[in-house]
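Have a look at start36.cif below; it lists mmCIF, C-alpha atoms.
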data_upload
loop_
_atom_site.group_PDB
_atom_site.id
_atom_site.type_symbol
_atom_site.label_atom_id
_atom_site.label_comp_id
_atom_site.auth_asym_id
_atom_site.auth_seq_id
_atom_site.Cartn_x
_atom_site.Cartn_y
_atom_site.Cartn_z
ATOM 1 C CA MET A 1 10.713 2.638 24.948
ATOM 2 C CA SER A 2 9.929 -0.348 22.743
ATOM 3 C CA LEU A 3 6.811 -0.401 20.577
ATOM 4 C CA ALA A 4 5.238 -3.260 18.631
ATOM 5 C CA LEU A 5 3.645 -2.165 15.339
ATOM 6 C CA LEU A 6 1.341 -4.777 13.806
ATOM 7 C CA ARG A 7 0.187 -5.061 10.181
ATOM 8 C CA LEU A 8 0.084 -8.628 8.871
ATOM 9 C CA SER A 9 -1.007 -8.032 5.242
ATOM 10 C CA ALA A 10 -1.245 -7.081 2.428
ATOM 11 C CA LEU A 11 1.411 -5.350 0.317
ATOM 12 C CA GLY A 12 -0.577 -2.184 -0.356
ATOM 13 C CA ASP A 13 -1.795 -1.992 3.224
ATOM 14 C CA ILE A 14 1.731 -2.173 4.614
ATOM 15 C CA LEU A 15 2.797 0.635 2.282
ATOM 16 C CA ARG A 16 -0.105 2.700 3.612
ATOM 17 C CA VAL A 17 1.009 2.413 7.241
ATOM 18 C CA LEU A 18 4.649 3.379 6.571
ATOM 19 C CA PRO A 19 3.967 7.141 6.872
ATOM 20 C CA ALA A 20 2.495 6.583 10.346
ATOM 21 C CA TRP A 21 5.421 4.389 11.360
ATOM 22 C CA ALA A 22 7.880 7.001 10.105
ATOM 23 C CA ASN A 23 6.145 9.677 12.161
ATOM 24 C CA LEU A 24 6.455 7.514 15.274
ATOM 25 C CA HIS A 25 10.158 7.046 14.589
ATOM 26 C CA GLU A 26 10.685 10.771 14.135
ATOM 27 C CA ALA A 27 8.743 11.613 17.300
ATOM 28 C CA PHE A 28 10.489 8.970 19.409
ATOM 29 C CA PRO A 29 13.928 8.553 17.790
ATOM 30 C CA GLU A 30 15.356 6.632 20.735
ATOM 31 C CA SER A 31 12.540 4.116 20.737
ATOM 32 C CA HIS A 32 12.890 0.551 19.518
ATOM 33 C CA LEU A 33 10.193 -0.098 16.900
ATOM 34 C CA LYS A 34 9.344 -3.741 16.166
ATOM 35 C CA ALA A 35 7.267 -4.228 13.010
ATOM 36 C CA VAL A 36 5.209 -7.428 13.025
ATOM 37 C CA VAL A 37 4.660 -8.416 9.374
ATOM 38 C CA GLU A 38 4.216 -11.608 7.379
ATOM 39 C CA ASP A 39 7.272 -13.231 5.792
ATOM 40 C CA ARG A 40 6.033 -12.548 2.236
ATOM 41 C CA HIS A 41 6.097 -8.786 2.847
ATOM 42 C CA ALA A 42 9.134 -8.389 5.104
ATOM 43 C CA PHE A 43 11.121 -6.986 2.162
ATOM 44 C CA LEU A 44 8.998 -3.814 2.351
ATOM 45 C CA LEU A 45 10.883 -2.808 5.498
ATOM 46 C CA GLU A 46 14.353 -3.012 3.925
ATOM 47 C CA PRO A 47 14.848 0.735 3.206
ATOM 48 C CA LEU A 48 13.854 1.637 6.784
ATOM 49 C CA PRO A 49 16.642 0.348 9.073
ATOM 50 C CA TRP A 50 15.018 1.854 12.154
ATOM 51 C CA LEU A 51 12.317 -0.826 11.955
ATOM 52 C CA GLU A 52 13.144 -4.243 13.403
ATOM 53 C CA PRO A 53 11.150 -6.885 11.501
ATOM 54 C CA VAL A 54 9.345 -9.507 13.543
ATOM 55 C CA ILE A 55 8.406 -12.111 10.979
ATOM 56 C CA VAL A 56 5.167 -14.096 11.020
ATOM 57 C CA GLN A 57 5.245 -17.304 8.982
ATOM 58 C CA ARG A 58 2.117 -17.061 6.861
ATOM 59 C CA LYS A 59 1.815 -20.793 6.182
ATOM 60 C CA ARG A 60 1.872 -21.598 9.876
ATOM 61 C CA LEU A 61 -0.532 -18.761 10.646
ATOM 62 C CA SER A 62 -2.980 -20.139 8.067
ATOM 63 C CA SER A 63 -2.819 -23.658 9.480
ATOM 64 C CA PRO A 64 -5.507 -24.703 11.998
ATOM 65 C CA VAL A 65 -2.828 -26.777 13.713
ATOM 66 C CA GLY A 66 0.068 -24.330 13.717
ATOM 67 C CA ALA A 67 -1.630 -20.941 14.074
ATOM 68 C CA LEU A 68 -1.771 -20.781 17.857
ATOM 69 C CA GLY A 69 1.843 -21.853 18.226
ATOM 70 C CA GLU A 70 2.945 -19.293 15.633
ATOM 71 C CA LEU A 71 1.079 -16.513 17.412
ATOM 72 C CA ARG A 72 2.733 -17.420 20.700
ATOM 73 C CA ARG A 73 6.163 -17.613 19.052
ATOM 74 C CA VAL A 74 5.778 -14.128 17.605
ATOM 75 C CA ALA A 75 4.416 -12.860 20.920
ATOM 76 C CA SER A 76 7.598 -13.955 22.656
ATOM 77 C CA ALA A 77 9.586 -11.658 20.318
ATOM 78 C CA ILE A 78 7.687 -8.534 21.425
ATOM 79 C CA ARG A 79 7.299 -9.357 25.110
ATOM 80 C CA ASP A 80 9.632 -6.507 26.084
ATOM 81 C CA CYS A 81 7.495 -3.841 24.384
ATOM 82 C CA GLU A 82 5.876 -1.146 26.474
ATOM 83 C CA ALA A 83 2.919 -0.762 24.113
ATOM 84 C CA SER A 84 1.497 -2.233 20.927
ATOM 85 C CA LEU A 85 -0.186 -0.409 18.052
ATOM 86 C CA ASP A 86 -2.461 -2.621 15.970
ATOM 87 C CA PHE A 87 -2.813 -1.245 12.427
ATOM 88 C CA HIS A 88 -4.747 -4.302 11.213
ATOM 89 C CA GLY A 89 -7.675 -4.922 13.511
ATOM 90 C CA ILE A 90 -8.222 -8.651 13.030
ATOM 91 C CA LEU A 91 -8.231 -11.309 15.728
ATOM 92 C CA LYS A 92 -4.843 -12.833 14.835
ATOM 93 C CA ALA A 93 -3.119 -9.453 15.045
ATOM 94 C CA ALA A 94 -4.852 -8.581 18.323
ATOM 95 C CA LEU A 95 -3.937 -11.890 19.940
ATOM 96 C CA ILE A 96 -0.177 -11.394 19.508
ATOM 97 C CA PRO A 97 0.271 -8.484 21.977
ATOM 98 C CA ARG A 98 -2.289 -10.087 24.290
ATOM 99 C CA PHE A 99 -0.246 -13.297 24.403
ATOM 100 C CA ALA A 100 2.884 -11.165 24.898
ATOM 101 C CA GLY A 101 1.394 -9.706 28.060
ATOM 102 C CA ILE A 102 1.672 -6.116 26.800
ATOM 103 C CA SER A 103 -0.549 -4.052 29.086
ATOM 104 C CA GLU A 104 -1.048 -1.070 26.737
ATOM 105 C CA ARG A 105 -2.633 -2.263 23.497
ATOM 106 C CA TRP A 106 -3.816 0.369 21.000
ATOM 107 C CA GLY A 107 -6.126 -0.148 18.029
ATOM 108 C CA ASP A 108 -6.843 2.135 15.062
ATOM 109 C CA GLY A 109 -10.646 1.934 15.274
ATOM 110 C CA VAL A 110 -11.207 -0.738 12.633
ATOM 111 C CA THR A 111 -11.795 -4.109 14.254
ATOM 112 C CA LYS A 112 -13.045 -7.450 12.972
ATOM 113 C CA GLU A 113 -13.639 -10.785 14.678
ATOM 114 C CA PHE A 114 -13.995 -9.014 18.076
ATOM 115 C CA ALA A 115 -10.359 -7.865 17.936
ATOM 116 C CA GLY A 116 -11.325 -4.626 19.686
ATOM 117 C CA ALA A 117 -12.202 -6.570 22.841
ATOM 118 C CA LEU A 118 -8.501 -7.420 23.207
ATOM 119 C CA GLN A 119 -7.350 -3.797 22.919
ATOM 120 C CA THR A 120 -7.040 -1.541 25.960
ATOM 121 C CA HIS A 121 -6.966 1.683 23.913
ATOM 122 C CA PRO A 122 -9.217 1.212 20.840
ATOM 123 C CA LEU A 123 -9.928 4.361 18.865
ATOM 124 C CA THR A 124 -13.444 5.249 17.767
ATOM 125 C CA PHE A 125 -14.207 4.058 14.242
ATOM 126 C CA ARG A 126 -14.145 6.719 11.515
ATOM 127 C CA LEU A 127 -14.880 6.331 7.817
ATOM 128 C CA GLN A 128 -11.606 7.531 6.292
ATOM 129 C CA THR A 129 -8.718 6.429 4.098
ATOM 130 C CA ARG A 130 -6.419 3.720 5.361
ATOM 131 C CA TYR A 131 -3.631 6.299 5.339
ATOM 132 C CA ASP A 132 -5.600 8.565 7.681
ATOM 133 C CA GLN A 133 -6.664 5.605 9.763
ATOM 134 C CA ALA A 134 -3.027 4.674 10.430
ATOM 135 C CA LEU A 135 -1.939 8.281 10.921
ATOM 136 C CA GLY A 136 -4.800 8.789 13.371
ATOM 137 C CA LEU A 137 -3.489 5.969 15.533
ATOM 138 C CA ALA A 138 0.007 7.452 15.494
ATOM 139 C CA GLU A 139 -1.466 10.849 16.399
ATOM 140 C CA ALA A 140 -3.479 9.444 19.316
ATOM 141 C CA PHE A 141 -0.513 7.540 20.698
ATOM 142 C CA GLY A 142 1.757 10.554 20.331
ATOM 143 C CA ARG A 143 -0.678 12.788 22.184
ATOM 144 C CA SER A 144 -0.806 10.261 25.022
ATOM 145 C CA ARG A 145 2.938 10.921 25.400
ATOM 146 C CA GLY A 146 2.605 14.688 25.014
ATOM 147 C CA VAL A 147 3.829 14.675 21.392
ATOM 148 C CA PRO A 148 1.158 15.921 18.940
ATOM 149 C CA GLY A 149 1.539 16.251 15.172
ATOM 150 C CA LEU A 150 1.980 12.585 14.215
ATOM 151 C CA GLY A 151 -1.088 12.582 11.966
ATOM 152 C CA ARG A 152 0.473 14.345 8.988
ATOM 153 C CA PHE A 153 1.140 12.486 5.754
ATOM 154 C CA ARG A 154 4.626 12.429 4.231
ATOM 155 C CA PRO A 155 5.933 10.428 1.249
ATOM 156 C CA VAL A 156 8.372 8.541 3.434
ATOM 157 C CA LEU A 157 10.276 6.856 0.587
ATOM 158 C CA LYS A 158 10.840 10.025 -1.421
ATOM 159 C CA ASP A 159 14.483 10.406 -0.436
ATOM 160 C CA VAL A 160 15.562 7.046 1.013
ATOM 161 C CA PRO A 161 18.422 5.269 -0.828
ATOM 162 C CA LEU A 162 17.147 2.625 -3.259
ATOM 163 C CA SER A 163 18.816 0.103 -5.568
ATOM 164 C CA ASP A 164 19.919 1.520 -8.922
ATOM 165 C CA PRO A 165 17.546 0.331 -11.686
ATOM 166 C CA GLY A 166 19.990 1.213 -14.457
ATOM 167 C CA PRO A 167 19.068 3.407 -17.439
ATOM 168 C CA ILE A 168 15.289 3.543 -17.699
ATOM 169 C CA TRP A 169 14.358 6.880 -19.198
ATOM 170 C CA SER A 170 15.758 8.920 -22.071
ATOM 171 C CA GLN A 171 16.929 12.523 -21.758
ATOM 172 C CA ALA A 172 13.952 13.850 -23.713
ATOM 173 C CA ALA A 173 12.227 16.773 -22.049
ATOM 174 C CA LYS A 174 8.850 15.068 -21.885
ATOM 175 C CA PRO A 175 6.811 14.139 -18.826
ATOM 176 C CA ARG A 176 7.556 10.596 -17.708
ATOM 177 C CA VAL A 177 4.483 8.444 -17.098
ATOM 178 C CA VAL A 178 4.279 4.866 -15.809
ATOM 179 C CA LEU A 179 1.205 2.912 -16.888
ATOM 180 C CA VAL A 180 0.193 -0.043 -14.698
ATOM 181 C CA PRO A 181 -2.404 -2.209 -16.470
ATOM 182 C CA GLY A 182 -2.208 -5.202 -14.139
ATOM 183 C CA ALA A 183 -3.416 -6.253 -10.722
ATOM 184 C CA SER A 184 -3.060 -9.392 -8.663
ATOM 185 C CA ARG A 185 -5.204 -12.406 -9.508
ATOM 186 C CA ARG A 186 -7.202 -11.852 -6.353
ATOM 187 C CA GLY A 187 -7.690 -8.224 -7.339
ATOM 188 C CA ALA A 188 -8.357 -8.878 -11.030
ATOM 189 C CA ILE A 189 -11.735 -7.154 -10.737
ATOM 190 C CA LYS A 190 -9.817 -3.870 -10.303
ATOM 191 C CA ARG A 191 -8.221 -3.975 -13.766
ATOM 192 C CA TRP A 192 -9.169 -1.251 -16.226
ATOM 193 C CA PRO A 193 -10.004 -2.847 -19.619
ATOM 194 C CA LEU A 194 -6.893 -3.505 -21.675
ATOM 195 C CA ARG A 195 -8.359 -1.870 -24.780
ATOM 196 C CA HIS A 196 -8.689 1.360 -22.758
ATOM 197 C CA TRP A 197 -5.025 1.153 -21.761
ATOM 198 C CA ILE A 198 -4.003 0.697 -25.388
ATOM 199 C CA ALA A 199 -6.128 3.666 -26.451
ATOM 200 C CA LEU A 200 -4.677 5.846 -23.678
ATOM 201 C CA ALA A 201 -1.111 4.883 -24.622
ATOM 202 C CA ARG A 202 -1.756 5.913 -28.218
ATOM 203 C CA MET A 203 -3.140 9.268 -27.092
ATOM 204 C CA LEU A 204 -0.174 9.971 -24.792
ATOM 205 C CA LYS A 205 2.696 8.531 -26.817
ATOM 206 C CA ASP A 206 3.640 11.719 -28.666
ATOM 207 C CA ARG A 207 3.438 14.042 -25.689
ATOM 208 C CA CYS A 208 4.861 11.883 -22.880
ATOM 209 C CA GLU A 209 7.612 9.344 -22.363
ATOM 210 C CA LEU A 210 5.705 6.207 -21.388
ATOM 211 C CA ARG A 211 6.663 2.937 -19.758
ATOM 212 C CA TRP A 212 4.467 -0.080 -19.025
ATOM 213 C CA SER A 213 4.952 -1.616 -15.592
ATOM 214 C CA LEU A 214 4.278 -5.351 -15.960
ATOM 215 C CA GLY A 215 4.605 -7.719 -13.038
ATOM 216 C CA PRO A 216 5.177 -11.484 -12.894
ATOM 217 C CA GLU A 217 1.490 -12.124 -13.598
ATOM 218 C CA GLU A 218 1.618 -10.002 -16.790
ATOM 219 C CA GLU A 219 4.306 -11.965 -18.632
ATOM 220 C CA GLU A 220 1.866 -12.718 -21.435
ATOM 221 C CA LEU A 221 1.332 -8.995 -21.910
ATOM 222 C CA ARG A 222 5.081 -8.401 -21.933
ATOM 223 C CA ALA A 223 5.305 -10.653 -24.995
ATOM 224 C CA TRP A 224 3.131 -8.419 -27.195
ATOM 225 C CA LEU A 225 1.892 -5.208 -25.544
ATOM 226 C CA PRO A 226 5.066 -3.078 -25.983
ATOM 227 C CA GLU A 227 5.359 -4.013 -29.647
ATOM 228 C CA ARG A 228 1.706 -3.356 -30.370
ATOM 229 C CA THR A 229 1.644 0.044 -28.670
ATOM 230 C CA GLY A 230 5.201 1.218 -29.328
ATOM 231 C CA VAL A 231 5.586 1.812 -25.584
ATOM 232 C CA PRO A 232 8.494 0.007 -23.879
ATOM 233 C CA ALA A 233 7.971 -1.968 -20.690
ATOM 234 C CA LEU A 234 10.114 -1.442 -17.634
ATOM 235 C CA PRO A 235 12.617 -4.301 -17.476
ATOM 236 C CA GLN A 236 12.100 -7.115 -15.021
ATOM 237 C CA LEU A 237 13.477 -5.573 -11.843
ATOM 238 C CA ALA A 238 13.742 -6.450 -8.186
ATOM 239 C CA TRP A 239 11.132 -4.634 -6.104
ATOM 240 C CA TRP A 240 13.331 -1.796 -4.863
ATOM 241 C CA GLN A 241 14.892 -1.300 -8.286
ATOM 242 C CA LEU A 242 11.361 -1.002 -9.638
ATOM 243 C CA ALA A 243 10.608 1.543 -6.902
ATOM 244 C CA ALA A 244 13.671 3.580 -7.938
ATOM 245 C CA ALA A 245 12.534 3.522 -11.580
ATOM 246 C CA VAL A 246 9.017 4.614 -10.621
ATOM 247 C CA ARG A 247 10.415 7.384 -8.428
ATOM 248 C CA GLN A 248 12.027 8.903 -11.515
ATOM 249 C CA ALA A 249 8.601 9.308 -13.158
ATOM 250 C CA ASP A 250 6.352 12.373 -13.131
ATOM 251 C CA ARG A 251 3.073 10.432 -12.964
ATOM 252 C CA VAL A 252 1.830 6.926 -12.287
ATOM 253 C CA VAL A 253 -1.515 5.743 -13.647
ATOM 254 C CA ALA A 254 -2.777 2.558 -12.001
ATOM 255 C CA PRO A 255 -5.793 0.772 -10.555
ATOM 256 C CA ASP A 256 -6.114 0.303 -6.799
ATOM 257 C CA THR A 257 -3.007 -1.887 -6.489
ATOM 258 C CA GLY A 258 0.289 -1.977 -4.651
ATOM 259 C CA LEU A 259 2.026 0.002 -7.419
ATOM 260 C CA LEU A 260 -0.406 2.887 -6.958
ATOM 261 C CA HIS A 261 0.347 3.083 -3.248
ATOM 262 C CA LEU A 262 4.056 2.615 -3.864
ATOM 263 C CA ALA A 263 3.901 5.766 -5.999
ATOM 264 C CA VAL A 264 2.176 7.600 -3.135
ATOM 265 C CA VAL A 265 4.868 6.821 -0.558
ATOM 266 C CA LEU A 266 7.570 7.560 -3.166
ATOM 267 C CA GLY A 267 6.117 11.024 -3.674
ATOM 268 C CA VAL A 268 5.129 10.492 -7.326
ATOM 269 C CA PRO A 269 1.728 12.037 -8.211
ATOM 270 C CA ALA A 270 -0.701 9.169 -8.754
ATOM 271 C CA LEU A 271 -3.852 8.830 -10.814
ATOM 272 C CA GLY A 272 -5.992 5.960 -9.536
ATOM 273 C CA LEU A 273 -8.529 4.321 -11.846
ATOM 274 C CA TYR A 274 -11.191 2.940 -9.502
ATOM 275 C CA GLY A 275 -14.152 0.720 -10.178
ATOM 276 C CA SER A 276 -15.218 -1.504 -7.301
ATOM 277 C CA SER A 277 -12.738 0.031 -4.826
ATOM 278 C CA ASP A 278 -14.130 2.336 -2.171
ATOM 279 C CA PRO A 279 -12.876 5.859 -3.002
ATOM 280 C CA VAL A 280 -12.889 6.770 0.680
ATOM 281 C CA VAL A 281 -11.365 3.765 2.433
ATOM 282 C CA ALA A 282 -8.992 3.015 -0.461
ATOM 283 C CA GLY A 283 -8.455 6.697 -1.191
ATOM 284 C CA LEU A 284 -5.268 8.715 -1.438
ATOM 285 C CA PRO A 285 -3.868 11.299 0.992
ATOM 286 C CA ASP A 286 -4.455 14.961 0.228
ATOM 287 C CA GLY A 287 -1.919 16.182 -2.301
ATOM 288 C CA ALA A 288 -0.745 12.698 -3.334
ATOM 289 C CA GLY A 289 -2.874 12.454 -6.482
ATOM 290 C CA ARG A 290 -6.462 11.913 -7.473
ATOM 291 C CA ILE A 291 -8.956 9.137 -8.162
ATOM 292 C CA LEU A 292 -11.084 8.752 -11.285
ATOM 293 C CA ARG A 293 -14.255 6.670 -11.214
ATOM 294 C CA THR A 294 -17.637 6.540 -12.911
ATOM 295 C CA GLY A 295 -19.513 6.344 -9.622
ATOM 296 C CA ILE A 296 -22.297 4.168 -11.002
ATOM 297 C CA ALA A 297 -24.939 3.055 -8.529
ATOM 298 C CA CYS A 298 -23.494 -0.395 -7.777
ATOM 299 C CA SER A 299 -19.979 0.815 -6.948
ATOM 300 C CA PRO A 300 -18.103 0.530 -4.714
ATOM 301 C CA CYS A 301 -18.710 -3.142 -4.070
ATOM 302 C CA ARG A 302 -16.964 -6.303 -2.920
ATOM 303 C CA GLU A 303 -18.269 -8.565 -5.695
ATOM 304 C CA ARG A 304 -15.069 -10.112 -7.043
ATOM 305 C CA ALA A 305 -16.966 -12.308 -9.510
ATOM 306 C CA CYS A 306 -18.760 -9.459 -11.294
ATOM 307 C CA GLN A 307 -18.926 -10.166 -15.019
ATOM 308 C CA ARG A 308 -20.105 -6.724 -16.209
ATOM 309 C CA ARG A 309 -17.425 -4.489 -14.686
ATOM 310 C CA GLN A 310 -19.476 -1.567 -15.927
ATOM 311 C CA CYS A 311 -17.819 0.687 -13.349
ATOM 312 C CA LEU A 312 -14.527 0.397 -15.259
ATOM 313 C CA GLU A 313 -15.832 -0.216 -18.762
ATOM 314 C CA GLU A 314 -17.504 3.202 -18.719
ATOM 315 C CA LEU A 315 -14.374 5.034 -17.509
ATOM 316 C CA GLU A 316 -13.272 6.265 -20.929
ATOM 317 C CA PRO A 317 -9.643 6.838 -21.996
ATOM 318 C CA GLU A 318 -10.543 10.420 -22.941
ATOM 319 C CA THR A 319 -11.525 11.072 -19.321
ATOM 320 C CA VAL A 320 -8.193 9.744 -18.099
ATOM 321 C CA LEU A 321 -6.322 11.779 -20.706
ATOM 322 C CA ALA A 322 -8.090 14.954 -19.572
ATOM 323 C CA ALA A 323 -7.186 14.223 -15.942
ATOM 324 C CA LEU A 324 -3.524 13.750 -16.860
#

I'd like the structure from this file rewritten - as structure tokens, please.
Amino acid sequence: MSLALLRLSALGDILRVLPAWANLHEAFPESHLKAVVEDRHAFLLEPLPWLEPVIVQRKRLSSPVGALGELRRVASAIRDCEASLDFHGILKAALIPRFAGISERWGDGVTKEFAGALQTHPLTFRLQTRYDQALGLAEAFGRSRGVPGLGRFRPVLKDVPLSDPGPIWSQAAKPRVVLVPGASRRGAIKRWPLRHWIALARMLKDRCELRWSLGPEEEELRAWLPERTGVPALPQLAWWQLAAAVRQADRVVAPDTGLLHLAVVLGVPALGLYGSSDPVVAGLPDGAGRILRTGIACSPCRERACQRRQCLEELEPETVLAAL
């Protein structure tokens, strides 16, 4: 049996479907699983050799001229699949298996742009985390084949081989904590105030071994934040080296970003600092960690241009310290 698994973006969302994909692989070990992902995120499949990447060129997909041709090109690569499982629910993702002529097209219950009309087996919508949403689709498909139990969460990257990050931590018998102050430019509204991060680092420094995780968009912080706080930053690492370094930690504290969800699938207890993010839809699986938020009346929201950010300003470092 060949299955097409579709999730076009984004980084955190692909991480959240990996537990469901791993359950499908375990339930149907002889099956050929084709993962349809965008070129910018294909590297996320590298530790999972049982997934065959089918790469969508994002630039062509975003072009009014090239999009249709790109969808048909990708469709030709999954034409031999018996069924498709759409973990995205947008029109572009739904069109690919339709163009491929796949007769059994499943959807996870979340559909936009009338994508559900192109699915032959759409699930009923449920308000739940994206992890549970993906696992629910795997469970429903498994039951259709007489194989229940595919809806359980597992940290699928907990034991997979990863690139050696080199010496990161000392041998001190202190809890190891990774602090993630950044977020993408598009998700900048999710950032906890930097002064709160600095205050938290000062509170934790004597009782924990801390490391800042600073991405390419936090190079300015790398120039002064470690020196000011006395907390080293993780070195500039390739993605899977970074994952190996994070996996050696005891806790990760982060906003609703890819690093938070990387910690979840690595099996590292996570503490999510949420402001505008929906604590249900963007929530964590049971046992993977917890979310802290103020819960003020205007959150969650989708207002990326909010200037007050009261939902995060009022989440005090002392509250985070107590949670840790």

Taking the file as shown, what set of residues would the PyMOL selection byres ((chain A and resi 148-162) around 6) give back, as a PyMOL selection string? chain A and resi 19+23+135-136+138-139+142-143+147+163+244+265-267

Given the file above and the PyMOL selection byres ((chain A and resi 102) around 10), which residues are selected, and can you give them as a ChimeraX atom specification? /A:3-4,75,78-84,96-101,103-105,120

So which residues touch A:Glu30 within 12 Å, counting all atoms listed in the file, skipping near sequence neighbours fewer than 4 positions away, as a PyMOL selection string? chain A and resi 1-3+24-26+50-51

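Nearest residue to A:Leu284 among A:Thr124, A:Gln133, A:Ser62, A:Gln241 is A:Gln133, counting all atoms listed in the file.
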
So which one's closest to A:Ala42, A:Thr319, A:Gln57, A:Ser213, A:Thr129? Using only C-alpha atoms, please. A:Gln57

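Our summary of the geometry notes that atom CA of A:Leu8 is positioned 4.6 Å from atom CA of A:Val37.
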
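Those residues returned by the PyMOL selection byres ((chain A and resi 187) around 12) for this file are Ala10, Gly12, Gly182, Ala183, Ser184, Arg185, Arg186, Ala188, Ile189, Lys190, Arg191, Trp192, Glu217, Pro255, Asp256, Thr257, Gly258, Tyr274, Gly275, Ser276, Ser277, Arg302, Glu303, Arg304, Ala305 and Cys306 of chain A.
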
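Distance cut-off 8 Å, centre (-6.3, 6.0, 20.3), atoms counted only C-alpha atoms; the residues meeting this are Trp106, Gly107, Asp108, Gly109, His121, Pro122, Leu123, Thr124, Gly136, Leu137, Glu139, Ala140 and Phe141 of chain A.
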
Requested write-out: C-alpha atoms of the selected residues, as a PDB file, in the frame of the given file:
ATOM      1  CA  TRP A 106      -3.816   0.369  21.000  1.00  0.00           C
ATOM      2  CA  GLY A 107      -6.126  -0.148  18.029  1.00  0.00           C
ATOM      3  CA  ASP A 108      -6.843   2.135  15.062  1.00  0.00           C
ATOM      4  CA  GLY A 109     -10.646   1.934  15.274  1.00  0.00           C
ATOM      5  CA  HIS A 121      -6.966   1.683  23.913  1.00  0.00           C
ATOM      6  CA  PRO A 122      -9.217   1.212  20.840  1.00  0.00           C
ATOM      7  CA  LEU A 123      -9.928   4.361  18.865  1.00  0.00           C
ATOM      8  CA  THR A 124     -13.444   5.249  17.767  1.00  0.00           C
ATOM      9  CA  GLY A 136      -4.800   8.789  13.371  1.00  0.00           C
ATOM     10  CA  LEU A 137      -3.489   5.969  15.533  1.00  0.00           C
ATOM     11  CA  GLU A 139      -1.466  10.849  16.399  1.00  0.00           C
ATOM     12  CA  ALA A 140      -3.479   9.444  19.316  1.00  0.00           C
ATOM     13  CA  PHE A 141      -0.513   7.540  20.698  1.00  0.00           C
TER      14      PHE A 141
END

Give me the residues near A:Gly289 as an NGL selection string, where near means some atom within 7 Å (using only C-alpha atoms) and where sequence neighbours in that chain fewer than 2 positions away do not count. :A and (269-271 or 284 or 287)

Using all atoms listed in the file and a cutoff of 7 Å, can you tell me which residues are near (3.6, 0.8, -19.1) in the file's coordinates, and write them out as an NGL selection string? :A and (178-180 or 210-214 or 231-233)

Tell me, as a count of residues only, which residues lie within 12 Å of A:Lys59, counting only C-alpha atoms; anything in the same chain fewer than 6 positions away does not count. 7

May I ask which of the residues A:Gly272, A:Pro165, A:Pro285, A:Gly230 is the closest one to A:Met203, counting only C-alpha atoms? A:Gly230

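Distance-wise, atom CA of A:Val54 and atom CA of A:Leu6 end up 9.3 Å apart.
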
What separates atom CA of A:Leu273 and atom CA of A:Leu237 is a distance of 24.1 Å

Residue nearest A:Val253 among A:Pro300, A:Pro216, A:Pro181, A:Pro49 (counting all atoms listed in the file): A:Pro181

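Shortest separation to A:Lys174 among A:Pro53, A:Leu200, A:Gly146, A:Cys208 occurs at residue A:Cys208, atoms counted being only C-alpha atoms.
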